[in-house]
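Asker: First the structure, which I've put down as structure tokens, then a few questions once you've had a look.
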Amino acid sequence: MRTVVAILVSGLSRIGLWGRGVVVAVPYLWLLLFFMVPFLIVFGISFSESIIAQPPYSSLVEWLRDEDAGTSKLQILLNISNYFRLGGDDLYILAYLNSLRIAAVTTLMCLAIGYPMAYAIAKADPARRGPLMMLVILPFWTSFLIRIYAWIGILKGNGVISNLLEWVGITSGPVEILYSDWAVYIGMTYCYLPFMVLPLYSTLEKMDPSLLEAAADLGSRPLKSFLSITLPLSLPGIVAGSLLVFIPAVGEFVTPELLGGPDTLMIGRVLWNEFFANRDWPVASAVAIALLLVLVIPIMIFQHVQGKQAEAGR
Amino acid sequence: MKRRIGFLSWALLFGYAFLYVPIALLVVFSFNESRLVTVWSGFSTKWYAELLHNDALLSAAGLSFQVAAVSATLSVLLGTCAGLALTRFGRFRGRTLFGGMITAPLVMPEVITGLSLLLLFVAMEQWLGWPDGRGVTTITIAHTTFTMSYVAVVIQSRLAGMDGSLEEAAMDLGARPAKVFFVITLPLIAPALVAGWLLAFTLSLDDVVVASFVSGPGSTTLPMVIFSSVKFGISPQINALATLMVLVVATGIFIASIVMARQDRQRKRDEQMAIQNG
């Protein structure tokens, strides 16, 4: 084993600077091919027409040759009706607004549950912080689908919550929470909570406790100290956590599909149905582009925050 | 002051209950005799036996493990290169675009990733004749693409938090960059490589949306099977499967934390020795 490594090392050492180029080029090319180019294709196909063929969209560019005149021309057809359809049909607009609302409520719920948790863990005994954080992250390692599935049994009529309420005597019949917006809020909050707690904890943990002590010595009440010191200092964590929850939540598909009702329309679900049920690839592409336009500003803020944190970490 | 600590403890307790009660209920009802998952009617392990005879599910699980292992390995290779490039190479041409392309998949909605990769594969097949149809290869490529970002971020933060003076010292003593990497950097970032691999493996094993877009007939992954069976309601077999998955994860984390604690002690002991000898 040692000799193999030695040969590898001496071989690679000779490559020198050239090797450095390869280290950048391989992931770069991979991302260009499998991340950048696919977007350009989606963008292109969003301007094509749905046809019954394999693949089911018209080609944008056509090379037309007129044999009689002996001339050729390049024809580029851009079909913008897909976008008009998105803007003109209430279904799509409603789905967009719903997605934004559901993602916003989910973010607020994650913040309401996650902030006190992160704060309590950051204030805990240093030796206990690691295990406490581990307990927050642990559910993330079990399957996302399984965690959504767990809520079906809890929220459905005759499910755990329904039976509990009946047993206590608050209700007299089965209560169905499943297949409603509330079920989606609960399921999404459940799945995204670790993404909120992690960045919050890392900013709160770094906070200097002497600031709060100084404030207390000067007669500030705990609530005032919290509002004027802790909260502003944890703002980067709040922003990072909220974006980590909000952005994927807008395009969420699995949770509304499994926990939501038929009228819990979300944009991810619309895209899925256009693609799989209607086989309308151009409209699905237009939906994807429109979804991306909604997310472009939050994604840019997120990258800015990420970049800043990477700089600070160095 | 006392009352506030009380509130925090309650908040923590509520948070952990919220996170763990659903999973606990899932495990409890996997041993329920009745087909009605939420009404307890007696202890039974029959759903586990049924699970072992569900061939469609077992073959899907096999396929998923294969895809997850290959894509996690590929994404550790690519993610390590990307993490190195972003932390150790200073400025190079196209760095901004590269950084953007690395972090964007972290927050990209899965439906967009799935759709765009499928359209790419269809277009490539049309122009190049490859990939010939969709299946294991296309799922593996798709999973590698979105998991390598996570690996890159894990490795990048490990490299950024690491003291660069060891590498500089080796360089000053005349070691070539590749030798510095294999002899110094690689052993130091090994825990991050393992963490990155496990993260990529888990994400791949968990994905239903992207796989649904880029899979073909005959290549159904485990999450796809679970998803379609969950859509038609709850079944105790899924509870049994979930319990097994939770068990595997818990065991893995338990072993990992023991190994990490031991390494930590070892490192502290080494440092102590170094101080005493020096």
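In the structure tokens, each chain is lettered A, B, ... as it comes, each chain's residues begin at 1, and ligands are numbered from 1 in order of appearance.
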For Thr140 (chain B), list every protein, DNA or RNA residue within 8 Å, evaluated using only C-alpha atoms, and leave out those in the same chain fewer than 5 positions away; present the list as number ranges by chain.

Answerer: B: 67-68, 70-71

Asker: Which residues of region 205-262 of chain A come within 9 Å of region 296-299 of chain A, and what is each one's closest atom pair and distance in Å (one decimal), counting only C-alpha atoms, sorted by chain and residue number, as a tab-separated table?

Answerer:
```
residue	atom	partner	partner_atom	distance
A:Leu243	CA	A:Pro298	CA	6.7
A:Phe246	CA	A:Pro298	CA	8.5
A:Ile247	CA	A:Pro298	CA	6.9
```

Asker: Just write the chosen residues, C-alpha atoms, as a PDB file, in the first residue's frame.

Answerer:
```pdb
ATOM      1  CA  LEU A 243     -33.022  31.243   3.053  1.00  0.00           C
ATOM      2  CA  PHE A 246     -37.424  29.262   2.125  1.00  0.00           C
ATOM      3  CA  ILE A 247     -35.688  28.581  -1.195  1.00  0.00           C
TER       4      ILE A 247
END
```

Asker: Enumerate as a list in words the residues belonging to chain B that approach chain A to within 6 Å, with only C-alpha atoms taken into account.

Answerer: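 Those within range of chain A come out as Leu8, Ala11, Leu12, Pro22, Leu26, Thr38, Leu78, Cys81, Ala82, Ala85, Val107, Pro109, Ile112, Ser116, Leu117, Leu120, Ala160, Arg176, Ala178, Lys179 and Asp206 of chain B.
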
Asker: Go ahead and dump the residues you just picked, N, CA and C atoms, as an mmCIF file, in the first residue's frame.

Answerer:
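The resulting result_12.cif:
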```cif
data_model
loop_
_atom_site.group_PDB
_atom_site.id
_atom_site.type_symbol
_atom_site.label_atom_id
_atom_site.label_comp_id
_atom_site.auth_asym_id
_atom_site.auth_seq_id
_atom_site.Cartn_x
_atom_site.Cartn_y
_atom_site.Cartn_z
ATOM 1 N N LEU B 8 -36.531 28.252 28.180
ATOM 2 C CA LEU B 8 -35.620 27.637 27.206
ATOM 3 C C LEU B 8 -35.652 26.118 27.292
ATOM 4 N N ALA B 11 -38.673 24.961 25.599
ATOM 5 C CA ALA B 11 -38.545 25.093 24.146
ATOM 6 C C ALA B 11 -37.719 23.938 23.580
ATOM 7 N N LEU B 12 -36.640 23.610 24.307
ATOM 8 C CA LEU B 12 -35.764 22.530 23.860
ATOM 9 C C LEU B 12 -36.509 21.201 23.885
ATOM 10 N N PRO B 22 -42.682 11.575 16.117
ATOM 11 C CA PRO B 22 -43.145 10.901 14.899
ATOM 12 C C PRO B 22 -42.327 9.650 14.562
ATOM 13 N N LEU B 26 -43.589 5.709 14.505
ATOM 14 C CA LEU B 26 -43.354 4.886 13.315
ATOM 15 C C LEU B 26 -42.789 3.523 13.717
ATOM 16 N N THR B 38 -52.619 2.847 12.883
ATOM 17 C CA THR B 38 -52.681 3.696 14.074
ATOM 18 C C THR B 38 -53.480 3.104 15.238
ATOM 19 N N LEU B 78 -14.863 14.565 -6.982
ATOM 20 C CA LEU B 78 -15.097 15.867 -7.610
ATOM 21 C C LEU B 78 -15.181 16.979 -6.554
ATOM 22 N N CYS B 81 -11.733 18.022 -5.220
ATOM 23 C CA CYS B 81 -11.065 18.900 -6.187
ATOM 24 C C CYS B 81 -11.652 20.303 -6.103
ATOM 25 N N ALA B 82 -12.983 20.383 -6.072
ATOM 26 C CA ALA B 82 -13.639 21.688 -6.052
ATOM 27 C C ALA B 82 -13.304 22.443 -4.764
ATOM 28 N N ALA B 85 -9.781 23.700 -4.977
ATOM 29 C CA ALA B 85 -9.668 24.812 -5.921
ATOM 30 C C ALA B 85 -10.171 26.101 -5.286
ATOM 31 N N VAL B 107 -29.426 24.827 -2.974
ATOM 32 C CA VAL B 107 -30.757 25.356 -2.711
ATOM 33 C C VAL B 107 -31.685 25.200 -3.925
ATOM 34 N N PRO B 109 -34.397 23.962 -6.278
ATOM 35 C CA PRO B 109 -35.517 23.035 -6.137
ATOM 36 C C PRO B 109 -35.286 21.757 -6.948
ATOM 37 N N ILE B 112 -36.492 21.319 -10.583
ATOM 38 C CA ILE B 112 -35.734 21.974 -11.659
ATOM 39 C C ILE B 112 -34.503 21.139 -12.010
ATOM 40 N N SER B 116 -34.115 19.597 -15.717
ATOM 41 C CA SER B 116 -33.042 20.074 -16.583
ATOM 42 C C SER B 116 -32.099 18.930 -16.952
ATOM 43 N N LEU B 117 -31.804 18.040 -16.005
ATOM 44 C CA LEU B 117 -30.910 16.928 -16.338
ATOM 45 C C LEU B 117 -31.572 15.974 -17.325
ATOM 46 N N LEU B 120 -31.288 17.432 -20.694
ATOM 47 C CA LEU B 120 -29.918 17.291 -21.177
ATOM 48 C C LEU B 120 -29.687 15.886 -21.721
ATOM 49 N N ALA B 160 -10.790 25.464 5.112
ATOM 50 C CA ALA B 160 -10.717 26.858 5.536
ATOM 51 C C ALA B 160 -10.417 26.949 7.031
ATOM 52 N N ARG B 176 6.755 18.842 -3.486
ATOM 53 C CA ARG B 176 5.935 19.307 -4.600
ATOM 54 C C ARG B 176 4.471 19.312 -4.171
ATOM 55 N N ALA B 178 1.702 18.034 -5.239
ATOM 56 C CA ALA B 178 0.983 16.761 -5.163
ATOM 57 C C ALA B 178 1.408 15.988 -3.924
ATOM 58 N N LYS B 179 2.703 16.048 -3.613
ATOM 59 C CA LYS B 179 3.193 15.329 -2.442
ATOM 60 C C LYS B 179 2.620 15.958 -1.170
ATOM 61 N N ASP B 206 -31.952 9.034 -0.586
ATOM 62 C CA ASP B 206 -33.156 9.704 -0.117
ATOM 63 C C ASP B 206 -33.945 10.332 -1.250
#
```

Asker: Run DSSP on the backbone of this structure and report the residues of region 149-238 of chain B it assigns to alpha helix (DSSP H), as number ranges by chain.

Answerer: B: 149-160, 165-172, 177-180, 186-206, 209-214, 222-231, 236-238

Asker: For the atom pair CA of Phe29 (chain B) and CA of Ser64 (chain B), what is the interatomic distance in Å to one decimal place?

Answerer: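 CA of Phe29 (chain B) sits 25.5 Å away from CA of Ser64 (chain B).
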
Asker: Please provide the set of residues having any atom within 7 Å of Val210 (chain B), restricted to only C-alpha atoms, with same-chain residues fewer than 5 positions apart removed, written as a ChimeraX atom specification.

Answerer: /B:110-111,113-114

Asker: Quote the spacing between CA of Leu164 (chain A) and CA of Asn32 (chain B) in Å to one decimal place.

Answerer: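 Answer for the CA of Leu164 (chain A) to CA of Asn32 (chain B) separation: 18.1 Å.
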
Asker: Report as a PyMOL selection string all protein, DNA and RNA residues lying within 12 Å of Ser228 (chain B), evaluated on only C-alpha atoms, omitting residues in the same chain fewer than 3 positions from it.

Answerer: (chain A and resi 145+149+254+257-258) or (chain B and resi 57+208-209+212+220-225+231-235+238)
